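Worksheet: the structure to be examined is printed underneath.
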Amino acid sequence: MAGSGPLPGRADGLGQDGGVTRTLPTPDGPVAVLDAGDGPAVLFVPGYTGTKEDFGPLLPLLADAGLRAVAMDLPGQYQTPGPDHLAAYTPDALSRSVLAVAARLDRPHLVGHSFGGLVSRAAVIADPGAVRSLVLMGSGPAAIGGDRRERMAALEPVLRAGGMPAVYEALETIAAADPEWASMSADQRAFLRSRFLAGSPAGLQGMGDALRAEPDRTAELAATGLPLLVLYGEHDDAWSPAVQAAMADRLGAPTTVIADAIHSPAVQQPAATARALLEFWATVPS
């Protein structure tokens with residue numbers, strides 16, 4: 001269920017061995033990261049219900065290319081604790097943790113997936129000099145709509161009545177019809193369940209609220225002058241490819257479309273995603 005995905009394991013959470021798990025201290029509390037390689041740093045920010053493990057298959061490929069590849073949990077996700085109040089989970093609030101981790105990595109390239117793209121955008125708008133570039137991966141210009149928005153609304157009373165376990169059970173019921181879910185091993189399913197249940201209920205609600213309320217900040221992002229790339233799967237079912245391409249036009253940014261990928265190209269097509277990122281980063285002035 002990377003980003004705003006509807007299923008509890010649709011092509012994500014399968015790369016939990018992609019790096020060394022570390023905890024970094026920040027002013028807002030400890031942040032868990034997966035850390036692979038040595039060299040100039042890149043930082044990955046996961047989406048709603050996602051975690052650092054969503055980038056697991058990608059990190060070793062980038063480490064082999066001479067980079068330090070770091071993926072973080074946002075506060076309230078999996079191994080990073082978060083507050084109990086909903087206001088802590090807006091993109092602006094969460095961007096403080098992104099900037100704190102970025103400060104420890106000496107101006108990394110930043111990649112934000114789905115809701116993590118909205119958080120990363122807020123971080124860049126607040127402090128454009130904190131990073132070298134920004135890649136929006138499967139992310140959009142404003143609040144999410146469509147089936148994903150409707151599913152979040154339908155699960156709100158489930159969360160209130162039964163907490164995280166009840167929500168996960170509902171998601172498993174939905175996932176039963178997905179071939180990817182049916183093909184997963186018992187260990188993979190156990191991991192997906194454990195990471196979801198470790199998350200914060202306030203974080204799930206707060207990020208969901210924010211994802212459905214985010215204004216269009218495309219002009220603000222363009223005004224930063226930061227090197228930008230819009231990257232998405234050719235079959236993305238969150239923000240449509242057309243919406244993301246139109247956003248890229250407004251940003252004056254190039255686009256990269258990952259073939260045979262949906263909303264999680266880092267897991268669905270890690271080699272192609274790594275190549276696209278490396279090609280973009282090679283164009284960014286040092």
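By order of appearance in the structure tokens: chains A, B, ..., then residues from 1 within every chain, and ligands from 1 in the order shown.
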Set the distance at 9 Å and use only C-alpha atoms: which residues neighbour A:Ala170 once local chain neighbours fewer than 5 positions away are removed? I'd like the list as a compact mmCIF listing (two decimals) with all heavy atoms, in the first residue's frame.
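Result went into out_5.txt, see below:
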# COMPACT_ATOMS: atom_id res chain seq x y z
N LEU A 155 -13.08 4.15 4.95
CA LEU A 155 -12.34 3.50 6.04
C LEU A 155 -12.27 4.35 7.30
O LEU A 155 -11.85 3.85 8.36
CB LEU A 155 -10.93 3.14 5.57
CG LEU A 155 -10.85 2.00 4.56
CD1 LEU A 155 -9.44 1.84 4.04
CD2 LEU A 155 -11.35 0.69 5.17
N VAL A 158 -14.23 2.85 10.10
CA VAL A 158 -13.58 1.60 10.49
C VAL A 158 -12.43 1.89 11.46
O VAL A 158 -12.25 1.20 12.47
CB VAL A 158 -13.07 0.83 9.25
CG1 VAL A 158 -12.35 -0.45 9.65
CG2 VAL A 158 -14.23 0.52 8.30
N PRO A 165 -5.99 -2.46 13.44
CA PRO A 165 -6.27 -3.84 13.02
C PRO A 165 -7.51 -3.96 12.15
O PRO A 165 -7.52 -4.70 11.16
CB PRO A 165 -6.43 -4.59 14.34
CG PRO A 165 -5.63 -3.80 15.33
CD PRO A 165 -5.83 -2.37 14.91
N ALA A 175 -7.79 -6.65 -0.89
CA ALA A 175 -6.60 -7.16 -1.59
C ALA A 175 -6.79 -8.57 -2.11
O ALA A 175 -6.05 -9.01 -3.00
CB ALA A 175 -5.40 -7.13 -0.64
Spatial neighbours of A:Asp147, 10 Å, only C-alpha atoms, chain gap at least 4 places, as a list in words: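 That gives Pro6, Arg151, Met152, Ala153, Asp237 and Ala238 of chain A.
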Nearest to A:Leu59, chosen from A:Ile125, A:Val167, A:Ala266, A:Val257, with only C-alpha atoms counted in the distances: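 Among the listed residues, the smallest separation from A:Leu59 belongs to A:Ala266.
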Residues within 9 Å of A:Val230, only C-alpha atoms, excluding chain neighbours under 4 positions, as a ChimeraX atom specification: /A:134-139,244-245,247-248,253-257
Write the residues of the selection above to a file with N, CA, C and O atoms, as an mmCIF file, in the first residue's frame.
data_model
loop_
_atom_site.group_PDB
_atom_site.id
_atom_site.type_symbol
_atom_site.label_atom_id
_atom_site.label_comp_id
_atom_site.auth_asym_id
_atom_site.auth_seq_id
_atom_site.Cartn_x
_atom_site.Cartn_y
_atom_site.Cartn_z
ATOM 1 N N LEU A 134 14.754 17.880 -6.748
ATOM 2 C CA LEU A 134 13.558 17.186 -6.275
ATOM 3 C C LEU A 134 12.956 16.370 -7.405
ATOM 4 O O LEU A 134 12.740 16.882 -8.508
ATOM 5 N N VAL A 135 12.684 15.102 -7.118
ATOM 6 C CA VAL A 135 11.927 14.230 -8.014
ATOM 7 C C VAL A 135 10.581 13.951 -7.380
ATOM 8 O O VAL A 135 10.505 13.487 -6.235
ATOM 9 N N LEU A 136 9.518 14.271 -8.107
ATOM 10 C CA LEU A 136 8.167 13.915 -7.695
ATOM 11 C C LEU A 136 7.825 12.594 -8.371
ATOM 12 O O LEU A 136 7.702 12.523 -9.592
ATOM 13 N N MET A 137 7.690 11.537 -7.571
ATOM 14 C CA MET A 137 7.461 10.185 -8.090
ATOM 15 C C MET A 137 6.008 9.781 -7.816
ATOM 16 O O MET A 137 5.616 9.584 -6.662
ATOM 17 N N GLY A 138 5.213 9.674 -8.863
ATOM 18 C CA GLY A 138 3.828 9.274 -8.677
ATOM 19 C C GLY A 138 3.070 10.216 -7.765
ATOM 20 O O GLY A 138 2.223 9.796 -6.977
ATOM 21 N N SER A 139 3.357 11.494 -7.866
ATOM 22 C CA SER A 139 2.726 12.500 -7.018
ATOM 23 C C SER A 139 2.020 13.522 -7.898
ATOM 24 O O SER A 139 2.263 13.583 -9.101
ATOM 25 N N GLN A 244 -0.207 14.320 -14.045
ATOM 26 C CA GLN A 244 1.199 14.527 -13.702
ATOM 27 C C GLN A 244 1.967 15.185 -14.843
ATOM 28 O O GLN A 244 2.840 16.026 -14.613
ATOM 29 N N ALA A 245 1.641 14.822 -16.084
ATOM 30 C CA ALA A 245 2.294 15.468 -17.225
ATOM 31 C C ALA A 245 1.936 16.947 -17.299
ATOM 32 O O ALA A 245 2.798 17.792 -17.594
ATOM 33 N N MET A 247 1.163 18.832 -14.755
ATOM 34 C CA MET A 247 1.898 19.470 -13.678
ATOM 35 C C MET A 247 3.338 19.736 -14.106
ATOM 36 O O MET A 247 3.891 20.813 -13.842
ATOM 37 N N ALA A 248 3.961 18.763 -14.760
ATOM 38 C CA ALA A 248 5.336 18.944 -15.222
ATOM 39 C C ALA A 248 5.440 20.114 -16.189
ATOM 40 O O ALA A 248 6.403 20.897 -16.133
ATOM 41 N N ALA A 253 9.357 21.237 -16.036
ATOM 42 C CA ALA A 253 10.209 20.118 -15.652
ATOM 43 C C ALA A 253 10.081 18.982 -16.655
ATOM 44 O O ALA A 253 9.016 18.775 -17.250
ATOM 45 N N PRO A 254 11.149 18.214 -16.852
ATOM 46 C CA PRO A 254 11.047 17.025 -17.696
ATOM 47 C C PRO A 254 10.207 15.947 -17.020
ATOM 48 O O PRO A 254 10.020 15.958 -15.798
ATOM 49 N N THR A 255 9.712 15.017 -17.818
ATOM 50 C CA THR A 255 8.987 13.861 -17.292
ATOM 51 C C THR A 255 9.696 12.580 -17.706
ATOM 52 O O THR A 255 10.332 12.522 -18.771
ATOM 53 N N THR A 256 9.570 11.578 -16.857
ATOM 54 C CA THR A 256 10.006 10.228 -17.198
ATOM 55 C C THR A 256 8.867 9.279 -16.882
ATOM 56 O O THR A 256 8.355 9.279 -15.755
ATOM 57 N N VAL A 257 8.471 8.490 -17.863
ATOM 58 C CA VAL A 257 7.410 7.510 -17.691
ATOM 59 C C VAL A 257 8.038 6.129 -17.602
ATOM 60 O O VAL A 257 8.788 5.721 -18.507
#
Could you pull out the alpha helix (DSSP H) residues of stretch 59-139 of chain A from DSSP and send them as a PDB file with all heavy atoms, in the first residue's frame?
ATOM      1  N   LEU A  59      17.464   0.932  -3.459  1.00  0.00           N
ATOM      2  CA  LEU A  59      18.639   1.453  -2.747  1.00  0.00           C
ATOM      3  C   LEU A  59      19.943   0.756  -3.132  1.00  0.00           C
ATOM      4  O   LEU A  59      20.952   1.441  -3.370  1.00  0.00           O
ATOM      5  CB  LEU A  59      18.413   1.378  -1.234  1.00  0.00           C
ATOM      6  CG  LEU A  59      17.192   2.118  -0.669  1.00  0.00           C
ATOM      7  CD1 LEU A  59      17.253   2.143   0.856  1.00  0.00           C
ATOM      8  CD2 LEU A  59      17.077   3.534  -1.216  1.00  0.00           C
ATOM      9  N   PRO A  60      19.996  -0.588  -3.204  1.00  0.00           N
ATOM     10  CA  PRO A  60      21.277  -1.205  -3.584  1.00  0.00           C
ATOM     11  C   PRO A  60      21.739  -0.829  -4.982  1.00  0.00           C
ATOM     12  O   PRO A  60      22.949  -0.737  -5.231  1.00  0.00           O
ATOM     13  CB  PRO A  60      20.971  -2.708  -3.483  1.00  0.00           C
ATOM     14  CG  PRO A  60      19.792  -2.819  -2.584  1.00  0.00           C
ATOM     15  CD  PRO A  60      18.981  -1.582  -2.853  1.00  0.00           C
ATOM     16  N   LEU A  61      20.802  -0.618  -5.906  1.00  0.00           N
ATOM     17  CA  LEU A  61      21.174  -0.225  -7.259  1.00  0.00           C
ATOM     18  C   LEU A  61      21.853   1.142  -7.261  1.00  0.00           C
ATOM     19  O   LEU A  61      22.830   1.362  -7.987  1.00  0.00           O
ATOM     20  CB  LEU A  61      19.938  -0.196  -8.154  1.00  0.00           C
ATOM     21  CG  LEU A  61      19.159  -1.506  -8.280  1.00  0.00           C
ATOM     22  CD1 LEU A  61      17.917  -1.314  -9.154  1.00  0.00           C
ATOM     23  CD2 LEU A  61      20.046  -2.610  -8.832  1.00  0.00           C
ATOM     24  N   LEU A  62      21.352   2.044  -6.454  1.00  0.00           N
ATOM     25  CA  LEU A  62      21.950   3.374  -6.385  1.00  0.00           C
ATOM     26  C   LEU A  62      23.263   3.337  -5.602  1.00  0.00           C
ATOM     27  O   LEU A  62      24.207   4.068  -5.936  1.00  0.00           O
ATOM     28  CB  LEU A  62      20.963   4.345  -5.743  1.00  0.00           C
ATOM     29  CG  LEU A  62      19.657   4.521  -6.513  1.00  0.00           C
ATOM     30  CD1 LEU A  62      18.711   5.444  -5.754  1.00  0.00           C
ATOM     31  CD2 LEU A  62      19.908   5.052  -7.921  1.00  0.00           C
ATOM     32  N   ALA A  63      23.328   2.494  -4.577  1.00  0.00           N
ATOM     33  CA  ALA A  63      24.590   2.335  -3.848  1.00  0.00           C
ATOM     34  C   ALA A  63      25.676   1.797  -4.775  1.00  0.00           C
ATOM     35  O   ALA A  63      26.832   2.245  -4.728  1.00  0.00           O
ATOM     36  CB  ALA A  63      24.385   1.410  -2.654  1.00  0.00           C
ATOM     37  N   ASP A  64      25.310   0.846  -5.635  1.00  0.00           N
ATOM     38  CA  ASP A  64      26.280   0.305  -6.582  1.00  0.00           C
ATOM     39  C   ASP A  64      26.751   1.361  -7.572  1.00  0.00           C
ATOM     40  O   ASP A  64      27.838   1.238  -8.150  1.00  0.00           O
ATOM     41  CB  ASP A  64      25.665  -0.865  -7.348  1.00  0.00           C
ATOM     42  CG  ASP A  64      25.499  -2.112  -6.494  1.00  0.00           C
ATOM     43  OD1 ASP A  64      26.098  -2.170  -5.405  1.00  0.00           O
ATOM     44  OD2 ASP A  64      24.753  -3.025  -6.913  1.00  0.00           O
ATOM     45  N   PRO A  91       1.505  18.189   5.253  1.00  0.00           N
ATOM     46  CA  PRO A  91       2.787  18.287   4.555  1.00  0.00           C
ATOM     47  C   PRO A  91       3.743  19.307   5.168  1.00  0.00           C
ATOM     48  O   PRO A  91       4.946  19.039   5.282  1.00  0.00           O
ATOM     49  CB  PRO A  91       2.374  18.670   3.132  1.00  0.00           C
ATOM     50  CG  PRO A  91       1.055  18.004   2.958  1.00  0.00           C
ATOM     51  CD  PRO A  91       0.370  18.180   4.292  1.00  0.00           C
ATOM     52  N   ASP A  92       3.233  20.468   5.569  1.00  0.00           N
ATOM     53  CA  ASP A  92       4.118  21.467   6.169  1.00  0.00           C
ATOM     54  C   ASP A  92       4.735  20.960   7.466  1.00  0.00           C
ATOM     55  O   ASP A  92       5.938  21.147   7.709  1.00  0.00           O
ATOM     56  CB  ASP A  92       3.348  22.766   6.436  1.00  0.00           C
ATOM     57  CG  ASP A  92       3.170  23.609   5.186  1.00  0.00           C
ATOM     58  OD1 ASP A  92       3.965  23.451   4.239  1.00  0.00           O
ATOM     59  OD2 ASP A  92       2.237  24.424   5.151  1.00  0.00           O
ATOM     60  N   ALA A  93       3.935  20.319   8.310  1.00  0.00           N
ATOM     61  CA  ALA A  93       4.456  19.820   9.583  1.00  0.00           C
ATOM     62  C   ALA A  93       5.463  18.694   9.357  1.00  0.00           C
ATOM     63  O   ALA A  93       6.546  18.681   9.955  1.00  0.00           O
ATOM     64  CB  ALA A  93       3.305  19.341  10.466  1.00  0.00           C
ATOM     65  N   LEU A  94       5.144  17.755   8.484  1.00  0.00           N
ATOM     66  CA  LEU A  94       6.037  16.630   8.229  1.00  0.00           C
ATOM     67  C   LEU A  94       7.303  17.053   7.504  1.00  0.00           C
ATOM     68  O   LEU A  94       8.348  16.398   7.635  1.00  0.00           O
ATOM     69  CB  LEU A  94       5.304  15.571   7.412  1.00  0.00           C
ATOM     70  CG  LEU A  94       4.161  14.850   8.128  1.00  0.00           C
ATOM     71  CD1 LEU A  94       3.331  14.042   7.141  1.00  0.00           C
ATOM     72  CD2 LEU A  94       4.687  13.951   9.245  1.00  0.00           C
ATOM     73  N   SER A  95       7.228  18.155   6.770  1.00  0.00           N
ATOM     74  CA  SER A  95       8.414  18.603   6.035  1.00  0.00           C
ATOM     75  C   SER A  95       9.564  18.954   6.972  1.00  0.00           C
ATOM     76  O   SER A  95      10.731  18.901   6.558  1.00  0.00           O
ATOM     77  CB  SER A  95       8.068  19.798   5.157  1.00  0.00           C
ATOM     78  OG  SER A  95       7.852  20.983   5.924  1.00  0.00           O
ATOM     79  N   ARG A  96       9.259  19.280   8.221  1.00  0.00           N
ATOM     80  CA  ARG A  96      10.342  19.586   9.163  1.00  0.00           C
ATOM     81  C   ARG A  96      11.240  18.372   9.386  1.00  0.00           C
ATOM     82  O   ARG A  96      12.463  18.506   9.514  1.00  0.00           O
ATOM     83  CB  ARG A  96       9.762  20.078  10.492  1.00  0.00           C
ATOM     84  CG  ARG A  96       9.067  21.433  10.398  1.00  0.00           C
ATOM     85  CD  ARG A  96       8.847  22.039  11.773  1.00  0.00           C
ATOM     86  NE  ARG A  96       7.950  21.235  12.580  1.00  0.00           N
ATOM     87  CZ  ARG A  96       6.630  21.409  12.644  1.00  0.00           C
ATOM     88  NH1 ARG A  96       6.052  22.359  11.923  1.00  0.00           N
ATOM     89  NH2 ARG A  96       5.876  20.648  13.416  1.00  0.00           N
ATOM     90  N   SER A  97      10.637  17.187   9.446  1.00  0.00           N
ATOM     91  CA  SER A  97      11.442  15.976   9.606  1.00  0.00           C
ATOM     92  C   SER A  97      12.271  15.698   8.366  1.00  0.00           C
ATOM     93  O   SER A  97      13.431  15.263   8.459  1.00  0.00           O
ATOM     94  CB  SER A  97      10.532  14.780   9.913  1.00  0.00           C
ATOM     95  OG  SER A  97       9.948  14.907  11.186  1.00  0.00           O
ATOM     96  N   VAL A  98      11.701  15.940   7.190  1.00  0.00           N
ATOM     97  CA  VAL A  98      12.456  15.757   5.949  1.00  0.00           C
ATOM     98  C   VAL A  98      13.654  16.699   5.926  1.00  0.00           C
ATOM     99  O   VAL A  98      14.780  16.293   5.597  1.00  0.00           O
ATOM    100  CB  VAL A  98      11.551  15.986   4.733  1.00  0.00           C
ATOM    101  CG1 VAL A  98      12.366  15.968   3.440  1.00  0.00           C
ATOM    102  CG2 VAL A  98      10.451  14.929   4.677  1.00  0.00           C
ATOM    103  N   LEU A  99      13.441  17.941   6.289  1.00  0.00           N
ATOM    104  CA  LEU A  99      14.544  18.903   6.284  1.00  0.00           C
ATOM    105  C   LEU A  99      15.589  18.554   7.336  1.00  0.00           C
ATOM    106  O   LEU A  99      16.792  18.761   7.110  1.00  0.00           O
ATOM    107  CB  LEU A  99      13.999  20.312   6.516  1.00  0.00           C
ATOM    108  CG  LEU A  99      13.198  20.905   5.355  1.00  0.00           C
ATOM    109  CD1 LEU A  99      12.515  22.204   5.777  1.00  0.00           C
ATOM    110  CD2 LEU A  99      14.085  21.133   4.134  1.00  0.00           C
ATOM    111  N   ALA A 100      15.157  18.010   8.466  1.00  0.00           N
ATOM    112  CA  ALA A 100      16.113  17.621   9.506  1.00  0.00           C
ATOM    113  C   ALA A 100      17.000  16.482   9.035  1.00  0.00           C
ATOM    114  O   ALA A 100      18.215  16.472   9.296  1.00  0.00           O
ATOM    115  CB  ALA A 100      15.365  17.230  10.777  1.00  0.00           C
ATOM    116  N   VAL A 101      16.411  15.499   8.346  1.00  0.00           N
ATOM    117  CA  VAL A 101      17.221  14.403   7.816  1.00  0.00           C
ATOM    118  C   VAL A 101      18.107  14.913   6.684  1.00  0.00           C
ATOM    119  O   VAL A 101      19.297  14.560   6.600  1.00  0.00           O
ATOM    120  CB  VAL A 101      16.317  13.250   7.343  1.00  0.00           C
ATOM    121  CG1 VAL A 101      17.152  12.160   6.663  1.00  0.00           C
ATOM    122  CG2 VAL A 101      15.544  12.664   8.525  1.00  0.00           C
ATOM    123  N   ALA A 102      17.571  15.753   5.827  1.00  0.00           N
ATOM    124  CA  ALA A 102      18.367  16.305   4.729  1.00  0.00           C
ATOM    125  C   ALA A 102      19.584  17.066   5.256  1.00  0.00           C
ATOM    126  O   ALA A 102      20.668  17.012   4.653  1.00  0.00           O
ATOM    127  CB  ALA A 102      17.503  17.213   3.854  1.00  0.00           C
ATOM    128  N   ALA A 103      19.422  17.760   6.371  1.00  0.00           N
ATOM    129  CA  ALA A 103      20.537  18.520   6.947  1.00  0.00           C
ATOM    130  C   ALA A 103      21.684  17.608   7.362  1.00  0.00           C
ATOM    131  O   ALA A 103      22.847  18.030   7.352  1.00  0.00           O
ATOM    132  CB  ALA A 103      20.045  19.338   8.138  1.00  0.00           C
ATOM    133  N   ARG A 104      21.358  16.369   7.717  1.00  0.00           N
ATOM    134  CA  ARG A 104      22.402  15.415   8.112  1.00  0.00           C
ATOM    135  C   ARG A 104      23.085  14.787   6.898  1.00  0.00           C
ATOM    136  O   ARG A 104      24.113  14.107   7.048  1.00  0.00           O
ATOM    137  CB  ARG A 104      21.799  14.316   8.990  1.00  0.00           C
ATOM    138  CG  ARG A 104      21.206  14.820  10.301  1.00  0.00           C
ATOM    139  CD  ARG A 104      20.624  13.671  11.106  1.00  0.00           C
ATOM    140  NE  ARG A 104      21.640  12.696  11.460  1.00  0.00           N
ATOM    141  CZ  ARG A 104      22.341  12.717  12.593  1.00  0.00           C
ATOM    142  NH1 ARG A 104      22.127  13.670  13.492  1.00  0.00           N
ATOM    143  NH2 ARG A 104      23.245  11.795  12.849  1.00  0.00           N
ATOM    144  N   PHE A 115       2.072  10.806  -1.522  1.00  0.00           N
ATOM    145  CA  PHE A 115       1.916  11.816  -0.469  1.00  0.00           C
ATOM    146  C   PHE A 115       3.280  12.356  -0.040  1.00  0.00           C
ATOM    147  O   PHE A 115       3.413  13.534   0.319  1.00  0.00           O
ATOM    148  CB  PHE A 115       1.172  11.223   0.731  1.00  0.00           C
ATOM    149  CG  PHE A 115       1.019  12.161   1.893  1.00  0.00           C
ATOM    150  CD1 PHE A 115       0.190  13.269   1.811  1.00  0.00           C
ATOM    151  CD2 PHE A 115       1.701  11.937   3.084  1.00  0.00           C
ATOM    152  CE1 PHE A 115       0.042  14.140   2.883  1.00  0.00           C
ATOM    153  CE2 PHE A 115       1.558  12.794   4.163  1.00  0.00           C
ATOM    154  CZ  PHE A 115       0.723  13.900   4.058  1.00  0.00           C
ATOM    155  N   GLY A 116       4.308  11.506  -0.084  1.00  0.00           N
ATOM    156  CA  GLY A 116       5.656  11.970   0.217  1.00  0.00           C
ATOM    157  C   GLY A 116       6.141  13.032  -0.737  1.00  0.00           C
ATOM    158  O   GLY A 116       7.010  13.846  -0.401  1.00  0.00           O
ATOM    159  N   GLY A 117       5.578  13.060  -1.962  1.00  0.00           N
ATOM    160  CA  GLY A 117       5.887  14.146  -2.883  1.00  0.00           C
ATOM    161  C   GLY A 117       5.317  15.462  -2.415  1.00  0.00           C
ATOM    162  O   GLY A 117       5.952  16.515  -2.557  1.00  0.00           O
ATOM    163  N   LEU A 118       4.113  15.429  -1.836  1.00  0.00           N
ATOM    164  CA  LEU A 118       3.526  16.649  -1.291  1.00  0.00           C
ATOM    165  C   LEU A 118       4.338  17.150  -0.094  1.00  0.00           C
ATOM    166  O   LEU A 118       4.534  18.354   0.078  1.00  0.00           O
ATOM    167  CB  LEU A 118       2.080  16.392  -0.880  1.00  0.00           C
ATOM    168  CG  LEU A 118       1.144  15.857  -1.966  1.00  0.00           C
ATOM    169  CD1 LEU A 118      -0.270  15.696  -1.413  1.00  0.00           C
ATOM    170  CD2 LEU A 118       1.149  16.744  -3.199  1.00  0.00           C
ATOM    171  N   VAL A 119       4.800  16.212   0.732  1.00  0.00           N
ATOM    172  CA  VAL A 119       5.635  16.583   1.877  1.00  0.00           C
ATOM    173  C   VAL A 119       6.971  17.140   1.406  1.00  0.00           C
ATOM    174  O   VAL A 119       7.450  18.172   1.907  1.00  0.00           O
ATOM    175  CB  VAL A 119       5.848  15.364   2.799  1.00  0.00           C
ATOM    176  CG1 VAL A 119       6.814  15.701   3.932  1.00  0.00           C
ATOM    177  CG2 VAL A 119       4.518  14.863   3.364  1.00  0.00           C
ATOM    178  N   SER A 120       7.574  16.481   0.424  1.00  0.00           N
ATOM    179  CA  SER A 120       8.862  16.948  -0.104  1.00  0.00           C
ATOM    180  C   SER A 120       8.719  18.307  -0.770  1.00  0.00           C
ATOM    181  O   SER A 120       9.600  19.167  -0.654  1.00  0.00           O
ATOM    182  CB  SER A 120       9.411  15.922  -1.102  1.00  0.00           C
ATOM    183  OG  SER A 120       9.654  14.683  -0.466  1.00  0.00           O
ATOM    184  N   ARG A 121       7.612  18.516  -1.460  1.00  0.00           N
ATOM    185  CA  ARG A 121       7.345  19.823  -2.068  1.00  0.00           C
ATOM    186  C   ARG A 121       7.283  20.907  -0.997  1.00  0.00           C
ATOM    187  O   ARG A 121       7.853  21.993  -1.160  1.00  0.00           O
ATOM    188  CB  ARG A 121       6.033  19.767  -2.847  1.00  0.00           C
ATOM    189  CG  ARG A 121       5.644  21.075  -3.495  1.00  0.00           C
ATOM    190  CD  ARG A 121       4.390  20.931  -4.342  1.00  0.00           C
ATOM    191  NE  ARG A 121       3.176  20.748  -3.554  1.00  0.00           N
ATOM    192  CZ  ARG A 121       1.950  20.657  -4.071  1.00  0.00           C
ATOM    193  NH1 ARG A 121       1.789  20.695  -5.381  1.00  0.00           N
ATOM    194  NH2 ARG A 121       0.911  20.500  -3.293  1.00  0.00           N
ATOM    195  N   ALA A 122       6.608  20.619   0.117  1.00  0.00           N
ATOM    196  CA  ALA A 122       6.537  21.593   1.201  1.00  0.00           C
ATOM    197  C   ALA A 122       7.916  21.889   1.766  1.00  0.00           C
ATOM    198  O   ALA A 122       8.235  23.042   2.098  1.00  0.00           O
ATOM    199  CB  ALA A 122       5.608  21.075   2.305  1.00  0.00           C
ATOM    200  N   ALA A 123       8.758  20.864   1.875  1.00  0.00           N
ATOM    201  CA  ALA A 123      10.117  21.067   2.384  1.00  0.00           C
ATOM    202  C   ALA A 123      10.919  21.967   1.459  1.00  0.00           C
ATOM    203  O   ALA A 123      11.628  22.893   1.906  1.00  0.00           O
ATOM    204  CB  ALA A 123      10.814  19.712   2.550  1.00  0.00           C
ATOM    205  N   VAL A 124      10.820  21.741   0.168  1.00  0.00           N
ATOM    206  CA  VAL A 124      11.573  22.523  -0.810  1.00  0.00           C
ATOM    207  C   VAL A 124      11.082  23.968  -0.854  1.00  0.00           C
ATOM    208  O   VAL A 124      11.882  24.906  -0.961  1.00  0.00           O
ATOM    209  CB  VAL A 124      11.465  21.846  -2.185  1.00  0.00           C
ATOM    210  CG1 VAL A 124      11.892  22.790  -3.298  1.00  0.00           C
ATOM    211  CG2 VAL A 124      12.295  20.574  -2.206  1.00  0.00           C
ATOM    212  N   ILE A 125       9.771  24.155  -0.767  1.00  0.00           N
ATOM    213  CA  ILE A 125       9.238  25.514  -0.756  1.00  0.00           C
ATOM    214  C   ILE A 125       9.720  26.259   0.484  1.00  0.00           C
ATOM    215  O   ILE A 125      10.067  27.444   0.425  1.00  0.00           O
ATOM    216  CB  ILE A 125       7.701  25.483  -0.832  1.00  0.00           C
ATOM    217  CG1 ILE A 125       7.258  25.012  -2.231  1.00  0.00           C
ATOM    218  CG2 ILE A 125       7.099  26.853  -0.520  1.00  0.00           C
ATOM    219  CD1 ILE A 125       5.775  24.724  -2.344  1.00  0.00           C
ATOM    220  N   ALA A 126       9.796  25.555   1.620  1.00  0.00           N
ATOM    221  CA  ALA A 126      10.243  26.189   2.856  1.00  0.00           C
ATOM    222  C   ALA A 126      11.729  26.511   2.836  1.00  0.00           C
ATOM    223  O   ALA A 126      12.160  27.542   3.375  1.00  0.00           O
ATOM    224  CB  ALA A 126       9.927  25.277   4.046  1.00  0.00           C
TER     225      ALA A 126
END
Who sits within 12 Å of A:Asp106, only C-alpha atoms, same chain under 4 positions skipped, as a VMD selection string: chain A and resid 39 to 43 68 99 to 102 110 129 to 132
Would you output that residue set with N, CA, C and O atoms, as a compact mmCIF listing (two decimals), in the first residue's frame?
# COMPACT_ATOMS: atom_id res chain seq x y z
N GLY A 39 28.78 7.95 -0.51
CA GLY A 39 28.99 8.90 -1.59
C GLY A 39 27.99 10.03 -1.47
O GLY A 39 27.39 10.23 -0.41
N PRO A 40 27.78 10.81 -2.53
CA PRO A 40 26.76 11.85 -2.50
C PRO A 40 25.41 11.24 -2.15
O PRO A 40 25.06 10.15 -2.61
N ALA A 41 24.62 11.96 -1.36
CA ALA A 41 23.42 11.36 -0.79
C ALA A 41 22.17 11.67 -1.61
O ALA A 41 22.04 12.73 -2.22
N VAL A 42 21.26 10.70 -1.56
CA VAL A 42 19.90 10.87 -2.08
C VAL A 42 18.95 10.43 -0.97
O VAL A 42 19.23 9.49 -0.22
N LEU A 43 17.83 11.12 -0.84
CA LEU A 43 16.88 10.87 0.25
C LEU A 43 15.49 10.61 -0.33
O LEU A 43 14.98 11.40 -1.12
N ARG A 68 25.09 7.36 -1.73
CA ARG A 68 24.51 6.97 -0.46
C ARG A 68 23.00 7.13 -0.58
O ARG A 68 22.51 8.26 -0.68
N LEU A 99 13.44 17.94 6.29
CA LEU A 99 14.54 18.90 6.28
C LEU A 99 15.59 18.55 7.34
O LEU A 99 16.79 18.76 7.11
N ALA A 100 15.16 18.01 8.47
CA ALA A 100 16.11 17.62 9.51
C ALA A 100 17.00 16.48 9.04
O ALA A 100 18.22 16.47 9.30
N VAL A 101 16.41 15.50 8.35
CA VAL A 101 17.22 14.40 7.82
C VAL A 101 18.11 14.91 6.68
O VAL A 101 19.30 14.56 6.60
N ALA A 102 17.57 15.75 5.83
CA ALA A 102 18.37 16.31 4.73
C ALA A 102 19.58 17.07 5.26
O ALA A 102 20.67 17.01 4.65
N LEU A 110 16.49 14.87 -3.45
CA LEU A 110 15.28 14.47 -2.72
C LEU A 110 14.28 13.83 -3.69
O LEU A 110 14.07 14.33 -4.80
N GLY A 129 17.28 25.66 -0.58
CA GLY A 129 18.71 25.37 -0.53
C GLY A 129 19.08 24.13 0.25
O GLY A 129 20.24 23.74 0.28
N ALA A 130 18.11 23.46 0.84
CA ALA A 130 18.40 22.29 1.67
C ALA A 130 18.72 21.05 0.85
O ALA A 130 19.30 20.10 1.37
N VAL A 131 18.31 21.04 -0.43
CA VAL A 131 18.53 19.87 -1.27
C VAL A 131 19.04 20.32 -2.63
O VAL A 131 18.96 21.50 -3.00
N ARG A 132 19.56 19.37 -3.40
CA ARG A 132 20.12 19.69 -4.72
C ARG A 132 19.09 19.62 -5.83
O ARG A 132 19.22 20.30 -6.85
